[in-house]
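Trainee: Structure file protein35.pdb (PDB, C-alpha atoms) right here:
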```
ATOM      1  CA  MET W  30      -9.941   0.703 169.588
ATOM      2  CA  PHE W  31      -6.465   1.797 168.524
ATOM      3  CA  ASP W  32      -5.133   2.535 165.048
ATOM      4  CA  ILE W  33      -1.790   2.591 163.288
ATOM      5  CA  LEU W  34      -1.486   5.553 160.908
ATOM      6  CA  HIS W  35       1.067   6.403 158.240
ATOM      7  CA  ARG W  36       1.477   8.796 155.318
ATOM      8  CA  VAL W  37       3.994   8.439 152.506
ATOM      9  CA  GLY W  38       4.258  10.337 149.242
ATOM     10  CA  MET W  39       5.670   8.622 146.200
ATOM     11  CA  LYS W  40       6.628   9.953 142.772
ATOM     12  CA  ALA W  41       4.255   7.797 140.749
ATOM     13  CA  SER W  42       0.715   7.938 139.429
ATOM     14  CA  VAL W  43      -2.228   6.845 141.562
ATOM     15  CA  ASP W  44      -2.773   4.060 139.011
ATOM     16  CA  GLN W  45       0.742   2.687 139.525
ATOM     17  CA  VAL W  46       0.355   2.730 143.310
ATOM     18  CA  TYR W  47      -3.138   1.260 143.130
ATOM     19  CA  LYS W  48      -1.846  -1.579 140.961
ATOM     20  CA  ALA W  49       0.896  -2.365 143.485
ATOM     21  CA  LEU W  50      -1.710  -2.469 146.267
ATOM     22  CA  SER W  51      -4.479  -4.353 144.518
ATOM     23  CA  THR W  52      -2.701  -7.269 142.837
ATOM     24  CA  ARG W  53      -0.948 -10.410 143.965
ATOM     25  CA  GLU W  54       2.087  -9.435 141.878
ATOM     26  CA  GLY W  55       2.175  -6.006 143.524
ATOM     27  CA  GLY W  56       2.068  -7.412 147.064
ATOM     28  CA  ALA W  57       4.872  -9.809 146.162
ATOM     29  CA  ALA W  58       7.002  -6.873 145.068
ATOM     30  CA  TRP W  59       6.655  -4.650 148.155
ATOM     31  CA  TRP W  60       5.321  -6.661 151.128
ATOM     32  CA  THR W  61       6.330 -10.301 150.866
ATOM     33  CA  THR W  62       7.520 -12.332 147.903
ATOM     34  CA  ASN W  63       5.321 -15.187 149.130
ATOM     35  CA  THR W  64       1.969 -13.635 148.207
ATOM     36  CA  THR W  65      -0.770 -15.891 146.914
ATOM     37  CA  GLY W  66      -4.535 -15.896 146.568
ATOM     38  CA  ASP W  67      -7.196 -13.843 144.902
ATOM     39  CA  GLY W  68      -7.009 -10.036 144.824
ATOM     40  CA  LYS W  69     -10.597  -9.420 143.650
ATOM     41  CA  VAL W  70     -13.301  -8.013 145.946
ATOM     42  CA  GLY W  71     -14.459 -10.872 148.155
ATOM     43  CA  GLY W  72     -11.251 -12.815 147.496
ATOM     44  CA  VAL W  73      -8.498 -13.484 150.018
ATOM     45  CA  LEU W  74      -4.864 -12.513 149.552
ATOM     46  CA  LYS W  75      -2.408 -14.581 151.605
ATOM     47  CA  PHE W  76       0.819 -12.941 152.694
ATOM     48  CA  MET W  77       3.369 -15.369 154.183
ATOM     49  CA  PHE W  78       6.641 -14.228 155.726
ATOM     50  CA  SER W  79       9.900 -16.085 156.292
ATOM     51  CA  ALA W  80      13.248 -15.638 157.972
ATOM     52  CA  ASP W  81      16.359 -17.714 157.326
ATOM     53  CA  GLY W  82      14.333 -19.801 154.885
ATOM     54  CA  VAL W  83      11.678 -20.741 157.450
ATOM     55  CA  GLU W  84       8.068 -19.557 157.366
ATOM     56  CA  ILE W  85       7.365 -17.453 160.450
ATOM     57  CA  GLY W  86       3.694 -16.649 159.909
ATOM     58  CA  GLY W  87       1.523 -14.421 157.815
ATOM     59  CA  PHE W  88      -1.726 -12.629 157.237
ATOM     60  CA  ASP W  89      -4.791 -13.549 155.195
ATOM     61  CA  MET W  90      -6.589 -10.470 153.961
ATOM     62  CA  LYS W  91     -10.126 -10.499 152.640
ATOM     63  CA  VAL W  92     -10.488  -7.789 150.009
ATOM     64  CA  LEU W  93     -13.457  -5.656 151.096
ATOM     65  CA  GLU W  94     -13.117  -2.649 148.792
ATOM     66  CA  LEU W  95     -11.294  -1.758 145.598
ATOM     67  CA  GLN W  96     -11.721   1.735 144.170
ATOM     68  CA  PRO W  97      -9.283   2.048 141.259
ATOM     69  CA  GLY W  98      -6.790   4.846 141.838
ATOM     70  CA  LYS W  99      -8.442   5.725 145.149
ATOM     71  CA  ARG W 100      -8.746   3.111 147.852
ATOM     72  CA  VAL W 101      -7.973  -0.445 148.905
ATOM     73  CA  LEU W 102      -9.530  -1.968 152.033
ATOM     74  CA  TRP W 103      -8.727  -5.362 153.522
ATOM     75  CA  GLN W 104      -9.953  -7.210 156.582
ATOM     76  CA  VAL W 105      -7.684  -9.645 158.370
ATOM     77  CA  VAL W 106      -9.326 -13.087 158.402
ATOM     78  CA  ASP W 107      -6.317 -15.146 159.555
ATOM     79  CA  GLY W 108      -3.025 -14.363 161.240
ATOM     80  CA  PRO W 109      -1.874 -13.333 164.736
ATOM     81  CA  ALA W 110      -4.744 -13.161 167.232
ATOM     82  CA  GLU W 111      -4.294  -9.406 167.652
ATOM     83  CA  TRP W 112      -4.807  -8.882 163.918
ATOM     84  CA  ILE W 113      -7.956 -10.935 163.357
ATOM     85  CA  GLY W 114     -10.884  -8.688 162.480
ATOM     86  CA  THR W 115      -8.761  -5.552 162.148
ATOM     87  CA  LYS W 116      -8.893  -3.585 158.888
ATOM     88  CA  VAL W 117      -6.117  -2.221 156.719
ATOM     89  CA  SER W 118      -6.803   0.631 154.301
ATOM     90  CA  PHE W 119      -4.803   2.578 151.763
ATOM     91  CA  ASP W 120      -6.314   5.848 150.544
ATOM     92  CA  LEU W 121      -4.637   7.448 147.551
ATOM     93  CA  LYS W 122      -4.638  10.990 146.259
ATOM     94  CA  GLN W 123      -2.627  12.851 143.671
ATOM     95  CA  SER W 124      -0.532  15.797 144.835
ATOM     96  CA  GLY W 125       1.439  17.300 141.956
ATOM     97  CA  GLU W 126       3.767  14.598 140.629
ATOM     98  CA  HIS W 127       3.243  12.489 143.749
ATOM     99  CA  THR W 128       0.700  10.013 145.008
ATOM    100  CA  ILE W 129       0.003  10.405 148.704
ATOM    101  CA  VAL W 130      -0.797   7.152 150.503
ATOM    102  CA  LEU W 131      -2.775   7.512 153.700
ATOM    103  CA  PHE W 132      -2.499   4.222 155.529
ATOM    104  CA  LYS W 133      -4.602   2.980 158.416
ATOM    105  CA  HIS W 134      -4.511  -0.338 160.286
ATOM    106  CA  GLN W 135      -7.520   0.065 162.481
ATOM    107  CA  GLY W 136      -9.332  -1.797 165.181
ATOM    108  CA  TRP W 137      -6.584  -3.020 167.522
ATOM    109  CA  LYS W 138      -8.218  -3.926 170.821
ATOM    110  CA  GLU W 139      -5.239  -2.893 172.966
ATOM    111  CA  PRO W 140      -2.056  -0.890 172.325
ATOM    112  CA  VAL W 141       0.116  -3.928 173.071
ATOM    113  CA  GLU W 142       3.867  -4.123 172.475
ATOM    114  CA  PHE W 143       3.215  -6.092 169.273
ATOM    115  CA  MET W 144       1.186  -3.151 167.975
ATOM    116  CA  HIS W 145       4.210  -0.889 168.538
ATOM    117  CA  HIS W 146       6.283  -3.331 166.484
ATOM    118  CA  CYS W 147       3.740  -3.563 163.677
ATOM    119  CA  SER W 148       3.499   0.227 163.477
ATOM    120  CA  THR W 149       7.220   0.560 162.810
ATOM    121  CA  LYS W 150       7.219  -2.401 160.452
ATOM    122  CA  TRP W 151       4.354  -0.941 158.392
ATOM    123  CA  ALA W 152       6.450   2.220 157.929
ATOM    124  CA  ILE W 153       9.308   0.064 156.645
ATOM    125  CA  TYR W 154       7.027  -1.726 154.177
ATOM    126  CA  LEU W 155       5.429   1.527 152.990
ATOM    127  CA  MET W 156       8.950   2.765 152.224
ATOM    128  CA  SER W 157       9.355  -0.483 150.277
ATOM    129  CA  LEU W 158       6.192   0.363 148.319
ATOM    130  CA  LYS W 159       7.614   3.851 147.653
ATOM    131  CA  SER W 160      10.865   2.328 146.438
ATOM    132  CA  LEU W 161       8.981  -0.129 144.217
ATOM    133  CA  VAL W 162       6.883   2.458 142.399
ATOM    134  CA  GLU W 163       9.705   5.003 142.157
ATOM    135  CA  SER W 164      12.585   2.737 141.165
ATOM    136  CA  GLY W 165      11.011  -0.584 140.200
ATOM    137  CA  LYS W 166      12.588  -2.362 143.165
ATOM    138  CA  GLY W 167      10.928  -2.883 146.550
ATOM    139  CA  MET W 168      12.250  -4.536 149.701
ATOM    140  CA  PRO W 169       9.650  -7.266 150.324
ATOM    141  CA  ASN W 170      10.198  -9.993 152.906
ATOM    142  CA  PRO W 171      12.582 -11.846 153.118
ATOM    143  CA  ASN W 172      14.679  -8.868 151.977
ATOM    144  CA  ASP W 173      13.048  -6.369 154.334
ATOM    145  CA  PRO W 174      15.089  -4.337 156.833
ATOM    146  CA  HIS W 175      14.860  -5.996 160.250
ATOM    147  CA  ILE W 176      13.915  -3.875 163.241
ATOM    148  CA  SER W 177      13.541  -6.249 166.205
ATOM    149  CA  GLY W 178      16.876  -7.691 167.196
ATOM    150  CA  ASP W 179      15.130 -10.073 169.606
ATOM    151  CA  GLY W 180      12.846 -11.534 166.926
ATOM    152  CA  PRO W 181      13.016 -12.761 163.335
ATOM    153  CA  ASP W 182      11.908  -9.492 161.770
TER
ATOM    154  CA  MET R   6      -6.660  11.128 172.492
ATOM    155  CA  PHE R   7      -4.597   9.320 169.877
ATOM    156  CA  ASP R   8      -1.064   7.969 170.139
ATOM    157  CA  ILE R   9       1.788   7.109 167.806
ATOM    158  CA  LEU R  10       3.522   3.880 168.846
ATOM    159  CA  HIS R  11       6.767   2.265 167.691
ATOM    160  CA  ARG R  12       9.149  -0.487 168.764
ATOM    161  CA  VAL R  13      12.721  -0.930 167.568
ATOM    162  CA  GLY R  14      15.448  -3.234 168.872
ATOM    163  CA  MET R  15      19.050  -2.152 168.590
ATOM    164  CA  LYS R  16      22.274  -4.037 169.233
ATOM    165  CA  ALA R  17      23.617  -1.748 171.946
ATOM    166  CA  SER R  18      23.446  -1.392 175.712
ATOM    167  CA  VAL R  19      20.600   0.450 177.390
ATOM    168  CA  ASP R  20      23.212   2.943 178.583
ATOM    169  CA  GLN R  21      24.307   3.729 175.016
ATOM    170  CA  VAL R  22      20.734   4.208 173.867
ATOM    171  CA  TYR R  23      19.842   6.248 176.932
ATOM    172  CA  LYS R  24      22.822   8.545 176.304
ATOM    173  CA  ALA R  25      21.698   9.112 172.693
ATOM    174  CA  LEU R  26      18.203  10.012 173.943
ATOM    175  CA  SER R  27      19.094  12.144 176.936
ATOM    176  CA  THR R  28      21.805  14.459 175.652
ATOM    177  CA  ARG R  29      22.005  17.349 173.206
ATOM    178  CA  GLU R  30      24.874  15.603 171.404
ATOM    179  CA  GLY R  31      22.794  12.443 171.097
ATOM    180  CA  GLY R  32      19.793  14.248 169.614
ATOM    181  CA  ALA R  33      22.097  15.985 167.128
ATOM    182  CA  ALA R  34      23.374  12.594 165.974
ATOM    183  CA  TRP R  35      20.023  10.867 165.314
ATOM    184  CA  TRP R  36      17.187  13.426 165.131
ATOM    185  CA  THR R  37      18.445  16.771 163.878
ATOM    186  CA  THR R  38      21.966  18.177 163.738
ATOM    187  CA  ASN R  39      20.531  21.508 164.891
ATOM    188  CA  THR R  40      19.823  20.466 168.490
ATOM    189  CA  THR R  41      20.395  23.004 171.220
ATOM    190  CA  GLY R  42      19.298  23.662 174.796
ATOM    191  CA  ASP R  43      19.436  21.923 178.116
ATOM    192  CA  GLY R  44      18.884  18.167 178.448
ATOM    193  CA  LYS R  45      18.474  18.075 182.227
ATOM    194  CA  VAL R  46      15.140  17.473 183.949
ATOM    195  CA  GLY R  47      13.213  20.744 183.768
ATOM    196  CA  GLY R  48      15.366  21.979 180.898
ATOM    197  CA  VAL R  49      14.247  22.430 177.306
ATOM    198  CA  LEU R  50      15.852  20.768 174.297
ATOM    199  CA  LYS R  51      15.275  22.582 171.011
ATOM    200  CA  PHE R  52      15.199  20.540 167.832
ATOM    201  CA  MET R  53      15.245  22.636 164.631
ATOM    202  CA  PHE R  54      14.856  21.109 161.171
ATOM    203  CA  SER R  55      15.889  22.400 157.771
ATOM    204  CA  ALA R  56      15.553  21.572 154.091
ATOM    205  CA  ASP R  57      17.692  22.975 151.282
ATOM    206  CA  GLY R  58      19.513  25.073 153.853
ATOM    207  CA  VAL R  59      16.341  26.781 155.126
ATOM    208  CA  GLU R  60      14.858  26.247 158.587
ATOM    209  CA  ILE R  61      11.392  24.683 158.238
ATOM    210  CA  GLY R  62      10.375  24.472 161.900
ATOM    211  CA  GLY R  63      11.079  22.467 164.978
ATOM    212  CA  PHE R  64      10.059  21.215 168.380
ATOM    213  CA  ASP R  65      10.938  22.441 171.871
ATOM    214  CA  MET R  66      10.822  19.600 174.356
ATOM    215  CA  LYS R  67      10.691  20.115 178.100
ATOM    216  CA  VAL R  68      12.468  17.226 179.800
ATOM    217  CA  LEU R  69       9.971  15.809 182.309
ATOM    218  CA  GLU R  70      11.656  12.528 183.299
ATOM    219  CA  LEU R  71      15.088  10.959 183.003
ATOM    220  CA  GLN R  72      15.582   7.453 184.381
ATOM    221  CA  PRO R  73      19.087   6.372 183.360
ATOM    222  CA  GLY R  74      19.008   3.242 181.212
ATOM    223  CA  LYS R  75      15.213   3.092 181.480
ATOM    224  CA  ARG R  76      13.126   6.015 180.380
ATOM    225  CA  VAL R  77      13.089   9.469 178.830
ATOM    226  CA  LEU R  78       9.937  11.606 178.808
ATOM    227  CA  TRP R  79       9.494  14.942 177.065
ATOM    228  CA  GLN R  80       6.593  17.336 176.747
ATOM    229  CA  VAL R  81       6.251  19.521 173.683
ATOM    230  CA  VAL R  82       6.240  23.176 174.754
ATOM    231  CA  ASP R  83       6.673  24.777 171.321
ATOM    232  CA  GLY R  84       6.242  23.633 167.740
ATOM    233  CA  PRO R  85       3.317  22.840 165.429
ATOM    234  CA  ALA R  86      -0.070  23.471 167.060
ATOM    235  CA  GLU R  87      -0.964  19.764 166.925
ATOM    236  CA  TRP R  88       2.154  18.909 168.951
ATOM    237  CA  ILE R  89       1.840  21.423 171.783
ATOM    238  CA  GLY R  90       1.134  19.648 175.059
ATOM    239  CA  THR R  91       1.677  16.167 173.638
ATOM    240  CA  LYS R  92       4.231  13.889 175.302
ATOM    241  CA  VAL R  93       7.001  11.793 173.805
ATOM    242  CA  SER R  94       8.420   8.853 175.733
ATOM    243  CA  PHE R  95      11.136   6.298 175.165
ATOM    244  CA  ASP R  96      11.082   3.221 177.418
ATOM    245  CA  LEU R  97      14.153   1.004 177.280
ATOM    246  CA  LYS R  98      14.677  -2.616 178.208
ATOM    247  CA  GLN R  99      17.458  -5.107 177.647
ATOM    248  CA  SER R 100      16.658  -8.242 175.636
ATOM    249  CA  GLY R 101      19.749 -10.385 175.140
ATOM    250  CA  GLU R 102      22.319  -8.312 173.257
ATOM    251  CA  HIS R 103      19.665  -5.796 172.236
ATOM    252  CA  THR R 104      17.998  -2.776 173.740
ATOM    253  CA  ILE R 105      14.314  -2.589 172.943
ATOM    254  CA  VAL R 106      12.966   0.939 172.577
ATOM    255  CA  LEU R 107       9.245   1.338 173.129
ATOM    256  CA  PHE R 108       8.287   4.706 171.760
ATOM    257  CA  LYS R 109       5.105   6.644 172.355
ATOM    258  CA  HIS R 110       4.025  10.080 171.133
ATOM    259  CA  GLN R 111       0.822  10.507 173.047
ATOM    260  CA  GLY R 112      -1.983  12.967 173.401
ATOM    261  CA  TRP R 113      -2.849  13.919 169.824
ATOM    262  CA  LYS R 114      -6.320  15.506 169.882
ATOM    263  CA  GLU R 115      -7.320  14.204 166.434
ATOM    264  CA  PRO R 116      -5.895  11.611 164.023
ATOM    265  CA  VAL R 117      -5.205  14.279 161.405
ATOM    266  CA  GLU R 118      -3.225  13.731 158.205
ATOM    267  CA  PHE R 119      -0.204  15.390 159.839
ATOM    268  CA  MET R 120      -0.322  12.719 162.564
ATOM    269  CA  HIS R 121      -0.090  10.027 159.845
ATOM    270  CA  HIS R 122       2.995  11.800 158.491
ATOM    271  CA  CYS R 123       4.621  12.164 161.894
ATOM    272  CA  SER R 124       4.033   8.481 162.663
ATOM    273  CA  THR R 125       5.978   7.415 159.576
ATOM    274  CA  LYS R 126       8.649  10.031 160.168
ATOM    275  CA  TRP R 127       9.183   8.866 163.764
ATOM    276  CA  ALA R 128       9.824   5.350 162.428
ATOM    277  CA  ILE R 129      12.450   6.787 160.085
ATOM    278  CA  TYR R 130      14.147   8.658 162.937
ATOM    279  CA  LEU R 131      14.055   5.618 165.255
ATOM    280  CA  MET R 132      15.854   3.697 162.496
ATOM    281  CA  SER R 133      18.359   6.552 162.519
ATOM    282  CA  LEU R 134      18.784   6.063 166.287
ATOM    283  CA  LYS R 135      19.304   2.332 165.680
ATOM    284  CA  SER R 136      21.908   3.079 163.019
ATOM    285  CA  LEU R 137      23.669   5.558 165.322
ATOM    286  CA  VAL R 138      24.062   3.198 168.269
ATOM    287  CA  GLU R 139      24.882   0.167 166.107
ATOM    288  CA  SER R 140      27.277   1.749 163.612
ATOM    289  CA  GLY R 141      28.173   5.153 165.020
ATOM    290  CA  LYS R 142      26.382   6.955 162.207
ATOM    291  CA  GLY R 143      22.781   8.166 162.312
ATOM    292  CA  MET R 144      20.717   9.914 159.651
ATOM    293  CA  PRO R 145      19.655  13.133 161.427
ATOM    294  CA  ASN R 146      17.995  15.993 159.574
ATOM    295  CA  PRO R 147      19.044  17.408 157.091
ATOM    296  CA  ASN R 148      20.328  13.988 156.017
ATOM    297  CA  ASP R 149      17.116  12.112 156.841
ATOM    298  CA  PRO R 150      15.251  10.054 154.235
ATOM    299  CA  HIS R 151      12.364  12.131 152.883
ATOM    300  CA  ILE R 152       8.910  10.573 152.798
ATOM    301  CA  SER R 153       6.506  13.311 151.664
ATOM    302  CA  GLY R 154       7.122  14.261 148.070
ATOM    303  CA  ASP R 155       4.707  17.166 148.410
ATOM    304  CA  GLY R 156       6.530  18.675 151.397
ATOM    305  CA  PRO R 157      10.074  19.431 152.536
ATOM    306  CA  ASP R 158      10.484  16.262 154.567
TER
END
```
Could you spell out this file's structure in structure tokens?

Mentor:
Amino acid sequence: MFDILHRVGMKASVDQVYKALSTREGGAAWWTTNTTGDGKVGGVLKFMFSADGVEIGGFDMKVLELQPGKRVLWQVVDGPAEWIGTKVSFDLKQSGEHTIVLFKHQGWKEPVEFMHHCSTKWAIYLMSLKSLVESGKGMPNPNDPHISGDGPD
Amino acid sequence: MFDILHRVGMKASVDQVYKALSTREGGAAWWTTNTTGDGKVGGVLKFMFSADGVEIGGFDMKVLELQPGKRVLWQVVDGPAEWIGTKVSFDLKQSGEHTIVLFKHQGWKEPVEFMHHCSTKWAIYLMSLKSLVESGKGMPNPNDPHISGDGPD
């Protein structure tokens, strides 16, 4: 198994960051504006992405764990084949005035080219989360920086 | 062993991207302005970083492979303990008007918190490389976006 790892510090409380990670409204403000579904444990959050006004696919995340101010854990239940069954976690800790987010997208079967892409794209979205909690304005899809050139995102 | 993976497409020729990756001047324009040393195969490129005008550490990379327009491979010969012996590769391919960079920093012994940080930071620097070859202006240290909050970078 192969994992994507990231770490970003953001000048905000763990409660602010946790709220952005554990609610539909939060997801809509940092990951994709088209976020629907149920953010409670056992519920499914649906993140749909678009480019040039057309839906290009998304991810359905079952909420496995919610520890306020500490940890959010999702499992991918629908989306690209490579994502199904993988898990995405956000572990939070306070460090002075900052909240440190340790991110892990674990359980990739192979380190395919798409995994390389998703690794970079997660970094972009975590910077969007940082921007959201620090300034009130994230860069969720469809306003996310594009990194592919040969694809829609 | 654990690897950091990234993929970024940039609107530039493979030759432009290769030049930015294989020369001292290129490294100074996207990774850190304080780049010195010898970029030839067998030579060592020295990348030194600073914050608030103070040097905070760096990486010495032995150039193991140079395939013009295709591939650059370095091995870390000095730097943080976790980096020593690891390898950093950039594989290039043309896709329409874009060059796709497949990046790998391989051979981490453990997926430590510092590896999470470096994964995110590599994404930031690859976006700097993209900016350099697309617009002529990168964001090398000390002008790189900071991601830590609790550290200098």

Trainee: Distance limit 9 Å, atoms considered: only C-alpha atoms. Which chain R residues sit that close to chain W? Return them as a PyMOL selection string.

Mentor: chain R and resi 7-16+100-105+107-109+116+118-129+131-132+135+152-156

Trainee: Please dump the current selection as a PDB file, keeping the file's coordinate frame; keep C-alpha atoms.

Mentor:
```
ATOM      1  CA  PHE R   7      -4.597   9.320 169.877  1.00  0.00           C
ATOM      2  CA  ASP R   8      -1.064   7.969 170.139  1.00  0.00           C
ATOM      3  CA  ILE R   9       1.788   7.109 167.806  1.00  0.00           C
ATOM      4  CA  LEU R  10       3.522   3.880 168.846  1.00  0.00           C
ATOM      5  CA  HIS R  11       6.767   2.265 167.691  1.00  0.00           C
ATOM      6  CA  ARG R  12       9.149  -0.487 168.764  1.00  0.00           C
ATOM      7  CA  VAL R  13      12.721  -0.930 167.568  1.00  0.00           C
ATOM      8  CA  GLY R  14      15.448  -3.234 168.872  1.00  0.00           C
ATOM      9  CA  MET R  15      19.050  -2.152 168.590  1.00  0.00           C
ATOM     10  CA  LYS R  16      22.274  -4.037 169.233  1.00  0.00           C
ATOM     11  CA  SER R 100      16.658  -8.242 175.636  1.00  0.00           C
ATOM     12  CA  GLY R 101      19.749 -10.385 175.140  1.00  0.00           C
ATOM     13  CA  GLU R 102      22.319  -8.312 173.257  1.00  0.00           C
ATOM     14  CA  HIS R 103      19.665  -5.796 172.236  1.00  0.00           C
ATOM     15  CA  THR R 104      17.998  -2.776 173.740  1.00  0.00           C
ATOM     16  CA  ILE R 105      14.314  -2.589 172.943  1.00  0.00           C
ATOM     17  CA  LEU R 107       9.245   1.338 173.129  1.00  0.00           C
ATOM     18  CA  PHE R 108       8.287   4.706 171.760  1.00  0.00           C
ATOM     19  CA  LYS R 109       5.105   6.644 172.355  1.00  0.00           C
ATOM     20  CA  PRO R 116      -5.895  11.611 164.023  1.00  0.00           C
ATOM     21  CA  GLU R 118      -3.225  13.731 158.205  1.00  0.00           C
ATOM     22  CA  PHE R 119      -0.204  15.390 159.839  1.00  0.00           C
ATOM     23  CA  MET R 120      -0.322  12.719 162.564  1.00  0.00           C
ATOM     24  CA  HIS R 121      -0.090  10.027 159.845  1.00  0.00           C
ATOM     25  CA  HIS R 122       2.995  11.800 158.491  1.00  0.00           C
ATOM     26  CA  CYS R 123       4.621  12.164 161.894  1.00  0.00           C
ATOM     27  CA  SER R 124       4.033   8.481 162.663  1.00  0.00           C
ATOM     28  CA  THR R 125       5.978   7.415 159.576  1.00  0.00           C
ATOM     29  CA  LYS R 126       8.649  10.031 160.168  1.00  0.00           C
ATOM     30  CA  TRP R 127       9.183   8.866 163.764  1.00  0.00           C
ATOM     31  CA  ALA R 128       9.824   5.350 162.428  1.00  0.00           C
ATOM     32  CA  ILE R 129      12.450   6.787 160.085  1.00  0.00           C
ATOM     33  CA  LEU R 131      14.055   5.618 165.255  1.00  0.00           C
ATOM     34  CA  MET R 132      15.854   3.697 162.496  1.00  0.00           C
ATOM     35  CA  LYS R 135      19.304   2.332 165.680  1.00  0.00           C
ATOM     36  CA  ILE R 152       8.910  10.573 152.798  1.00  0.00           C
ATOM     37  CA  SER R 153       6.506  13.311 151.664  1.00  0.00           C
ATOM     38  CA  GLY R 154       7.122  14.261 148.070  1.00  0.00           C
ATOM     39  CA  ASP R 155       4.707  17.166 148.410  1.00  0.00           C
ATOM     40  CA  GLY R 156       6.530  18.675 151.397  1.00  0.00           C
TER      41      GLY R 156
END
```

Trainee: What would the selection look like, as a PyMOL selection string, if the PyMOL selection byres ((chain W and resi 81) around 12) were run on the coordinates I just shared?

Mentor: chain W and resi 78-80+82-85+170-172+180-182

Trainee: Would you mind exporting the chosen residues as an mmCIF file, keeping the file's coordinate frame, restricted to C-alpha atoms?

Mentor:
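Done, and the output landed in result24.cif:
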```cif
data_model
loop_
_atom_site.group_PDB
_atom_site.id
_atom_site.type_symbol
_atom_site.label_atom_id
_atom_site.label_comp_id
_atom_site.auth_asym_id
_atom_site.auth_seq_id
_atom_site.Cartn_x
_atom_site.Cartn_y
_atom_site.Cartn_z
ATOM 1 C CA PHE W 78 6.641 -14.228 155.726
ATOM 2 C CA SER W 79 9.900 -16.085 156.292
ATOM 3 C CA ALA W 80 13.248 -15.638 157.972
ATOM 4 C CA GLY W 82 14.333 -19.801 154.885
ATOM 5 C CA VAL W 83 11.678 -20.741 157.450
ATOM 6 C CA GLU W 84 8.068 -19.557 157.366
ATOM 7 C CA ILE W 85 7.365 -17.453 160.450
ATOM 8 C CA ASN W 170 10.198 -9.993 152.906
ATOM 9 C CA PRO W 171 12.582 -11.846 153.118
ATOM 10 C CA ASN W 172 14.679 -8.868 151.977
ATOM 11 C CA GLY W 180 12.846 -11.534 166.926
ATOM 12 C CA PRO W 181 13.016 -12.761 163.335
ATOM 13 C CA ASP W 182 11.908 -9.492 161.770
#
```

Trainee: Near Trp103 (chain W), within 8 Å and counting only C-alpha atoms, which residues show up once chain neighbours fewer than 2 positions away are dropped, as JSON, numbers by chain?

Mentor: {"W": [90, 91, 92, 93, 94, 101, 105, 116, 117, 118]}

Trainee: Using the chain letters and residue numbers of this document, give as an NGL selection string the residues selected by the PyMOL selection byres ((chain W and resi 53) around 8).

Mentor: :W and (51-52 or 54-57 or 64-68 or 74)

Trainee: Once the PyMOL selection byres ((chain W and resi 76) around 6) has been applied to the shown file, what residues remain in the selection, as number ranges by chain?

Mentor: W: 64, 75, 77, 87-88

Trainee: What does the structure give for the distance between CA of Lys99 (chain W) and CA of Leu161 (chain W), in Å to one decimal?

Mentor: 18.4 Å

Trainee: Nearest to Gly62 (chain R) among R:Arg76, R:Thr37, R:Gly47, R:Thr91, with distances taken over all atoms listed in the file: which residue is it?

Mentor: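 Using all atoms listed in the file, Gly62 (chain R) sits closest to R:Thr37.
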
Trainee: Which residues come within 10 Å of Pro97 (chain W), counting only C-alpha atoms, excluding same-chain residues fewer than 6 positions away, as a ChimeraX atom specification?

Mentor: /W:43-44,46-48,51,121

Trainee: What gap, in Å, lies between CA of Met168 (chain W) and CA of Gln45 (chain W)?

Mentor: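 Separation between CA of Met168 (chain W) and CA of Gln45 (chain W): 17.0 Å.
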
Trainee: At what distance in Å, to one decimal, does CA of Ala86 (chain R) lie from CA of Gly112 (chain R)?

Mentor: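 Separation between CA of Gly112 (chain R) and CA of Ala86 (chain R): 12.4 Å.
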
Trainee: Find the residue from R:Asp149, R:Glu139, R:Glu87, R:Asp65 that sits nearest to Lys114 (chain R); use all atoms listed in the file when measuring.

Mentor: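 Among the listed residues, the smallest separation from Lys114 (chain R) belongs to R:Glu87.
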